[in-house]
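See below for final_1.txt, which holds compact mmCIF, C-alpha atoms.
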```
# COMPACT_ATOMS: atom_id res chain seq x y z
CA MET A 1 -5.20 -22.26 25.14
CA ILE A 2 -3.20 -19.25 23.95
CA GLU A 3 -0.96 -19.60 26.98
CA SER A 4 -0.03 -23.20 26.23
CA PHE A 5 0.54 -22.33 22.58
CA VAL A 6 2.90 -19.49 23.53
CA GLN A 7 4.72 -21.84 25.87
CA SER A 8 5.16 -24.58 23.32
CA VAL A 9 6.36 -22.10 20.68
CA ASN A 10 8.91 -20.77 23.16
CA GLN A 11 9.98 -24.32 24.01
CA VAL A 12 10.54 -25.18 20.36
CA SER A 13 12.57 -22.04 19.77
CA ARG A 14 15.07 -23.13 22.44
CA TYR A 15 16.08 -26.09 20.30
CA ILE A 16 16.21 -24.43 16.91
CA ILE A 17 19.73 -22.98 17.04
CA PRO A 18 21.50 -26.10 18.35
CA LEU A 19 19.55 -28.27 15.90
CA LEU A 20 20.53 -26.04 12.97
CA LEU A 21 24.16 -26.00 14.07
CA VAL A 22 24.29 -29.79 14.04
CA GLY A 23 21.63 -30.58 11.44
CA ILE A 24 23.12 -28.66 8.52
CA PRO A 25 26.63 -30.22 8.79
CA PHE A 26 24.95 -33.61 9.34
CA TYR A 27 23.01 -33.32 6.07
CA GLY A 28 26.10 -32.09 4.20
CA LEU A 29 28.50 -34.71 5.54
CA ILE A 30 26.30 -37.80 5.52
CA PHE A 31 24.12 -37.23 2.43
CA LYS A 32 26.23 -35.01 0.18
CA LYS A 33 29.79 -35.86 1.24
CA VAL A 34 30.62 -32.17 1.75
CA LYS A 35 33.95 -31.47 3.47
CA VAL A 36 32.16 -29.72 6.31
CA TYR A 37 35.14 -28.43 8.29
CA GLU A 38 36.94 -26.91 5.29
CA THR A 39 33.69 -25.45 3.97
CA PHE A 40 32.84 -23.94 7.35
CA VAL A 41 36.17 -22.15 7.56
CA VAL A 42 35.84 -20.73 4.05
CA GLY A 43 32.40 -19.32 4.89
CA ALA A 44 33.38 -18.05 8.33
CA LYS A 45 36.23 -15.99 6.88
CA ASP A 46 33.68 -13.51 5.48
CA GLY A 47 32.42 -12.69 8.96
CA PHE A 48 35.43 -10.50 9.61
CA THR A 49 35.34 -8.51 6.37
CA ILE A 50 31.61 -7.85 6.59
CA ALA A 51 31.82 -6.66 10.20
CA ILE A 52 34.66 -4.26 9.34
CA ARG A 53 32.87 -2.99 6.23
CA ILE A 54 29.80 -1.80 8.17
CA ILE A 55 31.80 0.34 10.63
CA PRO A 56 31.67 3.69 8.72
CA TYR A 57 27.91 3.34 8.14
CA LEU A 58 27.26 2.50 11.78
CA VAL A 59 29.39 5.41 13.01
CA ALA A 60 27.49 7.83 10.75
CA ILE A 61 24.04 6.68 11.88
CA LEU A 62 24.74 6.14 15.57
CA VAL A 63 26.56 9.46 16.06
CA ALA A 64 23.64 11.38 14.54
CA ILE A 65 21.13 9.49 16.68
CA GLY A 66 23.26 10.02 19.81
CA MET A 67 23.50 13.77 19.26
CA PHE A 68 19.77 14.07 18.59
CA ARG A 69 18.90 12.11 21.71
CA ALA A 70 21.35 13.81 24.09
CA SER A 71 20.29 17.33 23.11
CA GLY A 72 16.74 16.92 24.39
CA ALA A 73 15.30 17.39 20.90
CA LEU A 74 13.17 14.30 21.41
CA ASP A 75 11.48 15.84 24.47
CA LEU A 76 10.79 18.99 22.50
CA LEU A 77 9.15 16.99 19.75
CA LEU A 78 7.10 15.18 22.39
CA ASN A 79 5.72 18.35 23.93
CA PHE A 80 4.83 19.54 20.49
CA LEU A 81 3.04 16.35 19.44
CA SER A 82 1.26 15.17 22.59
CA PRO A 83 -1.92 17.35 22.31
CA VAL A 84 -2.53 16.08 18.76
CA LEU A 85 -1.97 12.47 19.77
CA THR A 86 -4.23 12.62 22.80
CA PHE A 87 -6.94 13.85 20.46
CA ILE A 88 -6.71 10.72 18.26
CA GLY A 89 -6.62 8.32 21.21
CA PHE A 90 -2.87 7.74 21.32
CA PRO A 91 -1.67 7.66 24.96
CA PRO A 92 1.08 10.32 25.34
CA GLU A 93 2.93 7.95 27.72
CA ASN A 94 3.65 5.66 24.77
CA LEU A 95 4.95 8.38 22.48
CA PRO A 96 8.62 8.42 23.63
CA LEU A 97 8.82 4.68 22.94
CA ALA A 98 7.23 5.07 19.50
CA LEU A 99 9.70 7.81 18.53
CA MET A 100 12.72 6.03 20.01
CA ARG A 101 12.00 2.61 18.52
CA PRO A 102 13.33 3.17 14.98
CA LEU A 103 16.41 4.96 16.36
CA SER A 104 17.76 2.75 19.11
CA GLY A 105 17.16 -0.79 20.32
CA SER A 106 18.72 -0.35 23.76
CA GLY A 107 17.15 3.11 24.18
CA SER A 108 13.66 1.85 23.40
CA LEU A 109 14.09 -1.20 25.63
CA GLY A 110 15.03 1.17 28.44
CA LEU A 111 11.88 3.20 27.85
CA LEU A 112 9.74 0.05 27.77
CA THR A 113 11.26 -1.17 31.03
CA ASP A 114 10.49 2.17 32.62
CA LEU A 115 6.92 2.11 31.30
CA ILE A 116 6.25 -1.37 32.69
CA ASN A 117 7.82 -0.54 36.06
CA GLN A 118 5.78 2.64 36.39
CA HIS A 119 2.39 1.39 35.27
CA GLY A 120 2.62 -2.37 35.95
CA PRO A 121 2.45 -5.15 33.33
CA ASP A 122 -1.35 -5.31 33.61
CA SER A 123 -1.91 -1.73 32.55
CA LEU A 124 -3.09 -0.79 29.09
CA ILE A 125 -0.07 1.46 28.65
CA ALA A 126 2.38 -1.38 29.33
CA LYS A 127 0.51 -3.70 26.98
CA ILE A 128 0.51 -1.11 24.21
CA GLY A 129 4.22 -0.47 24.82
CA ALA A 130 5.16 -4.15 24.71
CA THR A 131 3.09 -4.72 21.56
CA MET A 132 4.74 -1.71 19.94
CA PHE A 133 8.19 -2.98 20.84
CA GLY A 134 7.46 -6.41 19.39
CA SER A 135 5.94 -5.19 16.15
CA THR A 136 8.54 -2.64 15.02
CA GLU A 137 12.28 -2.65 14.41
CA THR A 138 15.29 -0.35 14.83
CA THR A 139 14.94 0.75 11.22
CA PHE A 140 17.97 3.08 11.11
CA TYR A 141 20.30 0.42 12.50
CA VAL A 142 19.07 -2.29 10.14
CA LEU A 143 19.41 0.09 7.18
CA ALA A 144 22.95 1.10 8.13
CA VAL A 145 24.12 -2.46 8.70
CA TYR A 146 22.45 -4.13 5.71
CA PHE A 147 23.24 -1.47 3.12
CA GLY A 148 26.65 -0.80 4.68
CA SER A 149 27.68 -4.43 4.35
CA VAL A 150 27.54 -4.20 0.54
CA GLY A 151 28.54 -0.54 0.18
CA ILE A 152 25.18 0.79 -1.04
CA ARG A 153 25.05 4.56 -0.55
CA LYS A 154 21.89 5.44 -2.49
CA THR A 155 19.14 3.79 -0.50
CA ARG A 156 16.18 5.04 -2.59
CA HIS A 157 12.79 4.32 -1.01
CA ALA A 158 13.93 1.86 1.67
CA LEU A 159 13.95 4.37 4.54
CA VAL A 160 10.54 5.88 3.73
CA ALA A 161 9.00 2.42 3.42
CA GLY A 162 10.64 1.25 6.67
CA LEU A 163 9.49 4.28 8.64
CA PHE A 164 5.99 3.99 7.18
CA ALA A 165 5.88 0.35 8.31
CA ASP A 166 7.02 1.42 11.79
CA ALA A 167 4.29 4.06 11.96
CA VAL A 168 1.65 1.52 10.92
CA GLY A 169 2.99 -0.92 13.52
CA VAL A 170 2.86 1.72 16.25
CA PHE A 171 -0.68 2.85 15.49
CA SER A 172 -1.86 -0.75 15.04
CA ALA A 173 -0.44 -1.57 18.48
CA VAL A 174 -2.40 1.29 20.06
CA TYR A 175 -5.74 0.52 18.45
CA ILE A 176 -5.50 -3.27 18.64
CA CYS A 177 -4.66 -3.10 22.36
CA ARG A 178 -7.47 -0.62 22.97
CA PHE A 179 -9.83 -3.02 21.20
CA PHE A 180 -8.68 -6.11 23.13
CA PHE A 181 -7.98 -4.65 26.59
CA GLY A 182 -9.37 -1.12 26.65
CA MET B 1 16.23 11.27 1.87
CA LEU B 2 18.76 9.72 4.23
CA ASN B 3 21.03 12.73 3.58
CA TYR B 4 18.45 15.15 4.96
CA ILE B 5 17.45 12.98 7.91
CA TRP B 6 21.07 12.34 8.87
CA PHE B 7 22.02 16.00 8.68
CA GLY B 8 18.69 17.03 10.25
CA MET B 9 19.29 14.88 13.35
CA MET B 10 22.77 16.32 13.95
CA PHE B 11 21.62 19.87 13.18
CA ALA B 12 18.62 19.59 15.53
CA GLY B 13 20.93 18.03 18.13
CA VAL B 14 23.36 20.96 18.07
CA VAL B 15 20.72 23.72 17.89
CA VAL B 16 18.57 22.24 20.66
CA GLY B 17 21.72 21.43 22.64
CA ILE B 18 22.82 25.09 22.61
CA PHE B 19 19.30 26.21 23.43
CA THR B 20 18.80 23.86 26.38
CA GLY B 21 22.36 23.98 27.69
CA ASN B 22 22.88 20.28 26.89
CA ILE B 23 25.69 21.00 24.45
CA ASP B 24 28.27 19.10 26.52
CA ALA B 25 26.03 16.05 26.49
CA VAL B 26 25.72 16.36 22.71
CA THR B 27 29.50 16.41 22.30
CA GLU B 28 29.88 13.47 24.64
CA ALA B 29 27.15 11.51 22.83
CA ALA B 30 28.85 12.02 19.47
CA ILE B 31 32.18 10.72 20.74
CA ASP B 32 30.61 7.87 22.73
CA MET B 33 28.44 6.67 19.88
CA ALA B 34 31.39 6.57 17.50
CA LYS B 35 33.01 4.12 19.91
CA VAL B 36 29.77 2.18 20.40
CA ALA B 37 29.47 1.74 16.63
CA VAL B 38 32.90 0.14 16.39
CA ASN B 39 32.27 -2.09 19.41
CA LEU B 40 28.97 -3.25 17.92
CA ALA B 41 30.63 -4.11 14.62
CA ILE B 42 33.53 -5.93 16.30
CA GLY B 43 31.08 -7.81 18.50
CA LEU B 44 29.36 -9.09 15.37
CA ILE B 45 32.48 -10.82 14.01
CA GLY B 46 32.16 -14.04 16.01
CA ILE B 47 28.46 -14.62 15.43
CA MET B 48 28.81 -13.64 11.78
CA ALA B 49 31.65 -16.10 11.28
CA LEU B 50 29.70 -18.90 12.95
CA TRP B 51 26.56 -18.47 10.85
CA LEU B 52 28.32 -17.74 7.61
CA GLY B 53 30.35 -20.92 8.08
CA ILE B 54 27.23 -22.99 8.67
CA MET B 55 25.53 -21.27 5.73
CA LYS B 56 28.41 -22.18 3.47
CA ILE B 57 27.86 -25.84 4.35
CA ALA B 58 24.12 -25.46 3.68
CA GLU B 59 24.96 -23.91 0.33
CA GLU B 60 27.49 -26.55 -0.72
CA SER B 61 25.14 -29.36 0.19
CA GLY B 62 22.32 -27.89 -1.88
CA LEU B 63 20.02 -27.19 1.09
CA ILE B 64 19.61 -23.50 0.27
CA ARG B 65 18.52 -24.20 -3.27
CA LEU B 66 16.01 -26.74 -1.98
CA ILE B 67 14.43 -24.23 0.40
CA ALA B 68 14.39 -21.49 -2.24
CA LYS B 69 12.58 -23.79 -4.64
CA GLY B 70 9.95 -24.72 -2.08
CA LEU B 71 8.96 -21.12 -1.38
CA ARG B 72 9.15 -19.91 -4.96
CA PRO B 73 5.41 -19.12 -5.28
CA ILE B 74 5.73 -16.46 -2.56
CA THR B 75 9.17 -15.10 -3.29
CA ILE B 76 8.55 -14.66 -7.02
CA ARG B 77 5.83 -12.11 -6.19
CA LEU B 78 7.92 -10.25 -3.64
CA PHE B 79 11.16 -10.30 -5.64
CA PRO B 80 10.24 -10.52 -9.32
CA ASP B 81 13.66 -9.17 -10.41
CA VAL B 82 15.66 -11.99 -8.81
CA PRO B 83 16.17 -15.12 -10.96
CA GLU B 84 14.13 -17.89 -9.39
CA ASP B 85 16.96 -20.28 -8.56
CA HIS B 86 19.40 -17.58 -7.43
CA PRO B 87 21.02 -18.29 -4.03
CA ALA B 88 19.82 -14.89 -2.76
CA ILE B 89 16.27 -16.26 -2.56
CA GLY B 90 17.47 -19.04 -0.26
CA SER B 91 19.23 -16.60 2.06
CA ILE B 92 16.23 -14.26 2.10
CA VAL B 93 13.92 -17.11 3.06
CA LEU B 94 16.29 -18.26 5.82
CA ASN B 95 16.63 -14.71 7.16
CA MET B 96 12.85 -14.32 7.32
CA SER B 97 12.44 -17.70 9.01
CA ALA B 98 15.01 -16.68 11.62
CA ASN B 99 13.14 -13.39 12.16
CA ILE B 100 9.77 -15.13 12.48
CA LEU B 101 11.23 -17.47 15.09
CA GLY B 102 12.80 -14.58 17.00
CA LEU B 103 16.37 -15.72 16.35
CA GLY B 104 17.87 -12.25 16.04
CA ASN B 105 21.46 -13.51 16.29
CA ALA B 106 21.00 -15.79 13.33
CA ALA B 107 18.88 -13.36 11.32
CA THR B 108 21.51 -10.64 10.85
CA PRO B 109 24.27 -12.81 9.32
CA LEU B 110 21.71 -14.51 7.05
CA GLY B 111 20.35 -11.11 6.03
CA LEU B 112 23.82 -9.78 5.23
CA LYS B 113 24.50 -12.88 3.15
CA ALA B 114 21.28 -12.20 1.24
CA MET B 115 22.38 -8.59 0.65
CA GLU B 116 25.73 -9.76 -0.71
CA GLU B 117 24.00 -12.11 -3.14
CA LEU B 118 21.54 -9.42 -4.20
CA GLN B 119 24.50 -7.10 -4.80
CA GLU B 120 25.93 -9.66 -7.26
CA ILE B 121 23.01 -9.11 -9.62
CA ASN B 122 22.94 -5.34 -9.09
CA PRO B 123 24.11 -3.44 -12.19
CA ASP B 124 24.78 -0.23 -10.24
CA LYS B 125 26.77 -1.12 -7.10
CA ASP B 126 26.12 2.24 -5.44
CA THR B 127 22.36 2.13 -5.65
CA ALA B 128 19.85 -0.15 -3.95
CA THR B 129 17.77 -2.41 -6.22
CA ASN B 130 14.01 -2.94 -5.87
CA ALA B 131 14.64 -6.36 -4.39
CA MET B 132 17.01 -4.90 -1.76
CA CYS B 133 14.50 -2.24 -0.72
CA THR B 134 11.71 -4.82 -0.49
CA PHE B 135 13.91 -7.10 1.60
CA LEU B 136 14.97 -4.25 3.90
CA ALA B 137 11.42 -2.97 4.39
CA ILE B 138 10.14 -6.43 5.33
CA ASN B 139 13.06 -6.78 7.73
CA THR B 140 12.46 -3.43 9.43
CA SER B 141 8.76 -4.18 9.78
CA SER B 142 9.73 -7.06 12.09
CA VAL B 143 7.97 -10.22 10.98
CA GLN B 144 7.82 -12.14 14.20
CA LEU B 145 5.86 -14.99 15.72
CA ILE B 146 7.78 -15.23 18.97
CA LEU B 147 7.87 -12.32 21.39
CA PRO B 148 11.34 -10.90 22.00
CA ALA B 149 12.88 -12.53 25.07
CA SER B 150 13.30 -9.11 26.67
CA VAL B 151 9.57 -8.41 26.42
CA VAL B 152 8.69 -11.79 27.94
CA ALA B 153 11.10 -11.12 30.79
CA LEU B 154 9.56 -7.71 31.49
CA MET B 155 5.90 -8.59 31.10
CA GLY B 156 5.98 -11.93 32.95
CA ALA B 157 2.58 -13.65 33.02
CA THR B 158 0.99 -10.91 30.92
CA SER B 159 3.15 -11.96 27.94
CA SER B 160 0.58 -14.41 26.66
CA GLN B 161 -2.01 -11.63 26.43
CA ILE B 162 0.13 -9.48 24.18
CA PHE B 163 1.11 -12.45 22.00
CA ILE B 164 -2.00 -12.04 19.83
CA THR B 165 -1.88 -8.24 19.72
CA THR B 166 1.78 -8.36 18.66
CA ILE B 167 1.04 -10.77 15.81
CA PHE B 168 -1.75 -8.48 14.61
CA ALA B 169 0.35 -5.33 14.82
CA THR B 170 3.41 -6.90 13.24
CA GLY B 171 1.23 -8.34 10.46
CA MET B 172 -0.16 -4.89 9.77
CA SER B 173 3.32 -3.34 9.66
CA THR B 174 4.60 -6.04 7.28
CA ILE B 175 1.64 -5.54 4.93
CA ALA B 176 2.30 -1.79 5.11
CA ALA B 177 5.98 -2.32 4.29
CA ILE B 178 5.27 -4.45 1.23
CA THR B 179 2.55 -2.09 -0.02
CA ALA B 180 4.83 0.90 0.50
CA VAL B 181 7.82 -0.52 -1.42
CA LYS B 182 5.69 -1.78 -4.28
CA PHE B 183 4.08 1.65 -4.55
CA LEU B 184 7.23 3.73 -4.05
CA GLU B 185 9.55 1.78 -6.36
CA LYS B 186 7.59 3.06 -9.37
CA ARG B 187 7.44 6.73 -8.25
CA LYS B 188 9.44 9.20 -10.30
CA ARG B 189 11.43 10.21 -7.21
CA PHE B 190 12.77 6.72 -6.57
CA ILE B 191 12.68 4.84 -9.88
CA ILE B 192 15.96 3.63 -11.40
CA HIS B 193 16.48 4.89 -14.95
CA SER B 194 17.93 2.05 -16.97
CA GLY B 195 21.46 2.76 -18.07
CA GLY B 196 22.03 6.04 -16.26
CA ASN B 197 22.28 7.37 -12.76
CA PRO B 198 19.01 8.60 -11.26
```

Structure re-expressed in structure tokens:
Amino acid sequence: MIESFVQSVNQVSRYIIPLLLVGIPFYGLIFKKVKVYETFVVGAKDGFTIAIRIIPYLVAILVAIGMFRASGALDLLLNFLSPVLTFIGFPPENLPLALMRPLSGSGSLGLLTDLINQHGPDSLIAKIGATMFGSTETTFYVLAVYFGSVGIRKTRHALVAGLFADAVGVFSAVYICRFFFG
Amino acid sequence: MLNYIWFGMMFAGVVVGIFTGNIDAVTEAAIDMAKVAVNLAIGLIGIMALWLGIMKIAEESGLIRLIAKGLRPITIRLFPDVPEDHPAIGSIVLNMSANILGLGNAATPLGLKAMEELQEINPDKDTATNAMCTFLAINTSSVQLILPASVVALMGATSSQIFITTIFATGMSTIAAITAVKFLEKRKRFIIHSGGNP
């Protein structure tokens, strides 16, 4: 039953973007007499300015993440943390992914790919990893892009809250998967 | 907070790099990532333009206001500081819908539009408002009903098994995000003092 539900949800999602692209102008043109072409162009113009505006924020965040990752500091942190995590039932194999996830989307996808190739999609470790990947976000990137686009420099509690949510997502993934599959 | 984490990552990178002999890789990463950042931003222009154009049509035809009105009972609790018929609410709702449906490409432009509209009602343009932090935290907690396409591709037939676990875990992280912002926004460390800079 779950399988067919997943399939139908995935089927529906294939049609959403094309339907939105044609449905919204349809509604505007036919029901509200909006000049859809002119209006589109006015809106689209902002795409350029916003993309340019986020560049300094992205450079700042990505350079710091890149330096941290390339130095091997992540591995050091791993060695330090793994005995504690094993004690609370957190598989050490999943730790690199958990630490990488808020920092880098492509980096964490690489780690997940490696995890699934090494242990097989049926393993508990792969299932935990995939659940983790699906239930957290690249918090630093989202923060840089969203706040950067409007020039906010004082981000207050957003980062703490985002990282806390990531941590809860990561631990939930571990314990929920252990409960269902372990 | 971000100041310390940002500096801390670079500092740790250089110190560990010297210690482990990876210092060349650290240099290379810094230069590479600066280029990657620009490429990422440039790559966004086309998709941003497409969705912002469509959004403008949705706005002009009154669709956004309609959606915002429909979901007012929920959004008024999450974003009590935003006037109830403000266009930001419409963009926020659309961004979350795109996230739930796994439409990452559509979600970012809609989210940035929401940020721009939230910035309009921000008295201090340098500093994030409560509504912005709430919106960001919900976004980073990844509200999602559909598994990312990359995960489905990697997990194959096992995908349907992790569908349920992902919904559970992502639900937990979203609840955690909302609880955290609502708690933190009133702490002395983060609160905005009316009229002056914190």

Practice prompt. Mind checking which residues fall within 7 Å of Gln144 of chain B, counting all atoms listed in the file, ignoring those fewer than 2 positions away in the same chain, and posting them as a ChimeraX atom specification?
Written response: /B:99-102,142,146,170

Practice prompt. Go through B:Gly171, B:Pro87, B:Gly53, B:Pro80 one by one, measure the shortest atom-to-atom distance of each to Thr129 of chain B using all atoms listed in the file, and give the residue with the smallest value.
Written response: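 So, comparing all the options, the nearest one is B:Pro80.
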
Fill in: Residues within 6 Å of (6.8, 14.9, 18.7), counting all atoms listed in the file, listed as a PyMOL selection string
chain A and resi 77-78+80-81

At a cut-off of 6 Å, which residues of chain B touch chain A? Count only C-alpha atoms and give the answer as a PDB file with C-alpha atoms, in the coordinates of the input.
```pdb
ATOM      1  CA  MET B   9      19.290  14.880  13.350  1.00  0.00           C
ATOM      2  CA  MET B  10      22.770  16.320  13.950  1.00  0.00           C
ATOM      3  CA  GLY B  13      20.930  18.030  18.130  1.00  0.00           C
ATOM      4  CA  VAL B  16      18.570  22.240  20.660  1.00  0.00           C
ATOM      5  CA  GLY B  17      21.720  21.430  22.640  1.00  0.00           C
ATOM      6  CA  ASN B  22      22.880  20.280  26.890  1.00  0.00           C
ATOM      7  CA  ALA B  25      26.030  16.050  26.490  1.00  0.00           C
ATOM      8  CA  VAL B  26      25.720  16.360  22.710  1.00  0.00           C
ATOM      9  CA  ALA B  29      27.150  11.510  22.830  1.00  0.00           C
ATOM     10  CA  ALA B  30      28.850  12.020  19.470  1.00  0.00           C
ATOM     11  CA  MET B  33      28.440   6.670  19.880  1.00  0.00           C
ATOM     12  CA  ALA B  34      31.390   6.570  17.500  1.00  0.00           C
ATOM     13  CA  ALA B  37      29.470   1.740  16.630  1.00  0.00           C
ATOM     14  CA  VAL B  38      32.900   0.140  16.390  1.00  0.00           C
ATOM     15  CA  ALA B  41      30.630  -4.110  14.620  1.00  0.00           C
ATOM     16  CA  ILE B  45      32.480 -10.820  14.010  1.00  0.00           C
ATOM     17  CA  MET B  48      28.810 -13.640  11.780  1.00  0.00           C
ATOM     18  CA  ALA B  49      31.650 -16.100  11.280  1.00  0.00           C
ATOM     19  CA  LEU B  50      29.700 -18.900  12.950  1.00  0.00           C
ATOM     20  CA  LEU B  52      28.320 -17.740   7.610  1.00  0.00           C
ATOM     21  CA  GLY B  53      30.350 -20.920   8.080  1.00  0.00           C
ATOM     22  CA  ILE B  54      27.230 -22.990   8.670  1.00  0.00           C
ATOM     23  CA  LYS B  56      28.410 -22.180   3.470  1.00  0.00           C
ATOM     24  CA  ILE B  57      27.860 -25.840   4.350  1.00  0.00           C
ATOM     25  CA  ALA B  58      24.120 -25.460   3.680  1.00  0.00           C
ATOM     26  CA  SER B  61      25.140 -29.360   0.190  1.00  0.00           C
ATOM     27  CA  LEU B 112      23.820  -9.780   5.230  1.00  0.00           C
ATOM     28  CA  GLU B 116      25.730  -9.760  -0.710  1.00  0.00           C
ATOM     29  CA  ASP B 126      26.120   2.240  -5.440  1.00  0.00           C
ATOM     30  CA  THR B 127      22.360   2.130  -5.650  1.00  0.00           C
ATOM     31  CA  ALA B 128      19.850  -0.150  -3.950  1.00  0.00           C
ATOM     32  CA  CYS B 133      14.500  -2.240  -0.720  1.00  0.00           C
ATOM     33  CA  ALA B 137      11.420  -2.970   4.390  1.00  0.00           C
ATOM     34  CA  THR B 140      12.460  -3.430   9.430  1.00  0.00           C
ATOM     35  CA  SER B 141       8.760  -4.180   9.780  1.00  0.00           C
ATOM     36  CA  SER B 142       9.730  -7.060  12.090  1.00  0.00           C
ATOM     37  CA  MET B 155       5.900  -8.590  31.100  1.00  0.00           C
ATOM     38  CA  SER B 160       0.580 -14.410  26.660  1.00  0.00           C
ATOM     39  CA  THR B 166       1.780  -8.360  18.660  1.00  0.00           C
ATOM     40  CA  ALA B 169       0.350  -5.330  14.820  1.00  0.00           C
ATOM     41  CA  THR B 170       3.410  -6.900  13.240  1.00  0.00           C
ATOM     42  CA  SER B 173       3.320  -3.340   9.660  1.00  0.00           C
ATOM     43  CA  ALA B 176       2.300  -1.790   5.110  1.00  0.00           C
ATOM     44  CA  ALA B 177       5.980  -2.320   4.290  1.00  0.00           C
ATOM     45  CA  ALA B 180       4.830   0.900   0.500  1.00  0.00           C
ATOM     46  CA  VAL B 181       7.820  -0.520  -1.420  1.00  0.00           C
ATOM     47  CA  PHE B 190      12.770   6.720  -6.570  1.00  0.00           C
TER      48      PHE B 190
END
```

Could you work out an axis-aligned box for segment 30-44 of chain B, taking every atom the file lists and adding 8 Å on each side, and report centre and edge lengths in Å to one decimal, as JSON?
```
{"center_x": 31.0, "center_y": 1.5, "center_z": 18.7, "size_x": 21.1, "size_y": 37.1, "size_z": 24.1}
```

Discussion item. Give me, as number ranges by chain, all polymer residues having an atom no more than 12 Å from Pro83 of chain B, counting all atoms listed in the file and skipping those fewer than 6 positions away in the same chain.
Written reply: B: 68-69, 72, 75-77, 89-90, 117-118, 120-121, 131

Item to complete: Take atom CA of Thr174 of chain B and atom CA of Ser108 of chain A and report the distance between them in Å, one decimal.
Response: 20.1 Å

Where atoms are missing, can you supply all heavy atoms for segment 156-161 of chain B and output the lot as a tab-separated table (two decimals), in the coordinates of the input?
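This went into rebuild-v6.tsv:
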```tsv
chain	number	residue	atom	x	y	z
B	156	GLY	N	6.32	-10.78	32.12
B	156	GLY	CA	5.98	-11.93	32.95
B	156	GLY	C	4.74	-12.64	32.45
B	156	GLY	O	4.62	-12.92	31.26
B	157	ALA	N	3.77	-12.87	33.35
B	157	ALA	CA	2.58	-13.65	33.02
B	157	ALA	C	1.70	-12.96	31.99
B	157	ALA	O	0.91	-13.61	31.30
B	157	ALA	CB	1.77	-13.93	34.29
B	158	THR	N	1.83	-11.65	31.88
B	158	THR	CA	0.99	-10.91	30.92
B	158	THR	C	1.43	-11.14	29.47
B	158	THR	O	0.70	-10.80	28.55
B	158	THR	CB	1.05	-9.40	31.23
B	158	THR	OG1	1.18	-9.24	32.64
B	158	THR	CG2	-0.20	-8.69	30.79
B	159	SER	N	2.62	-11.75	29.30
B	159	SER	CA	3.15	-11.96	27.94
B	159	SER	C	2.16	-12.64	27.01
B	159	SER	O	2.04	-12.28	25.85
B	159	SER	CB	4.42	-12.80	27.99
B	159	SER	OG	5.33	-12.26	28.87
B	160	SER	N	1.46	-13.66	27.54
B	160	SER	CA	0.58	-14.41	26.66
B	160	SER	C	-0.58	-13.56	26.15
B	160	SER	O	-1.12	-13.81	25.09
B	160	SER	CB	0.06	-15.66	27.36
B	160	SER	OG	-0.51	-15.31	28.58
B	161	GLN	N	-0.94	-12.52	26.91
B	161	GLN	CA	-2.01	-11.63	26.43
B	161	GLN	C	-1.57	-10.80	25.24
B	161	GLN	O	-2.36	-10.55	24.33
B	161	GLN	CB	-2.43	-10.67	27.55
B	161	GLN	CG	-3.24	-11.34	28.63
B	161	GLN	CD	-3.72	-10.33	29.65
B	161	GLN	OE1	-3.97	-9.18	29.32
B	161	GLN	NE2	-3.83	-10.77	30.88
```
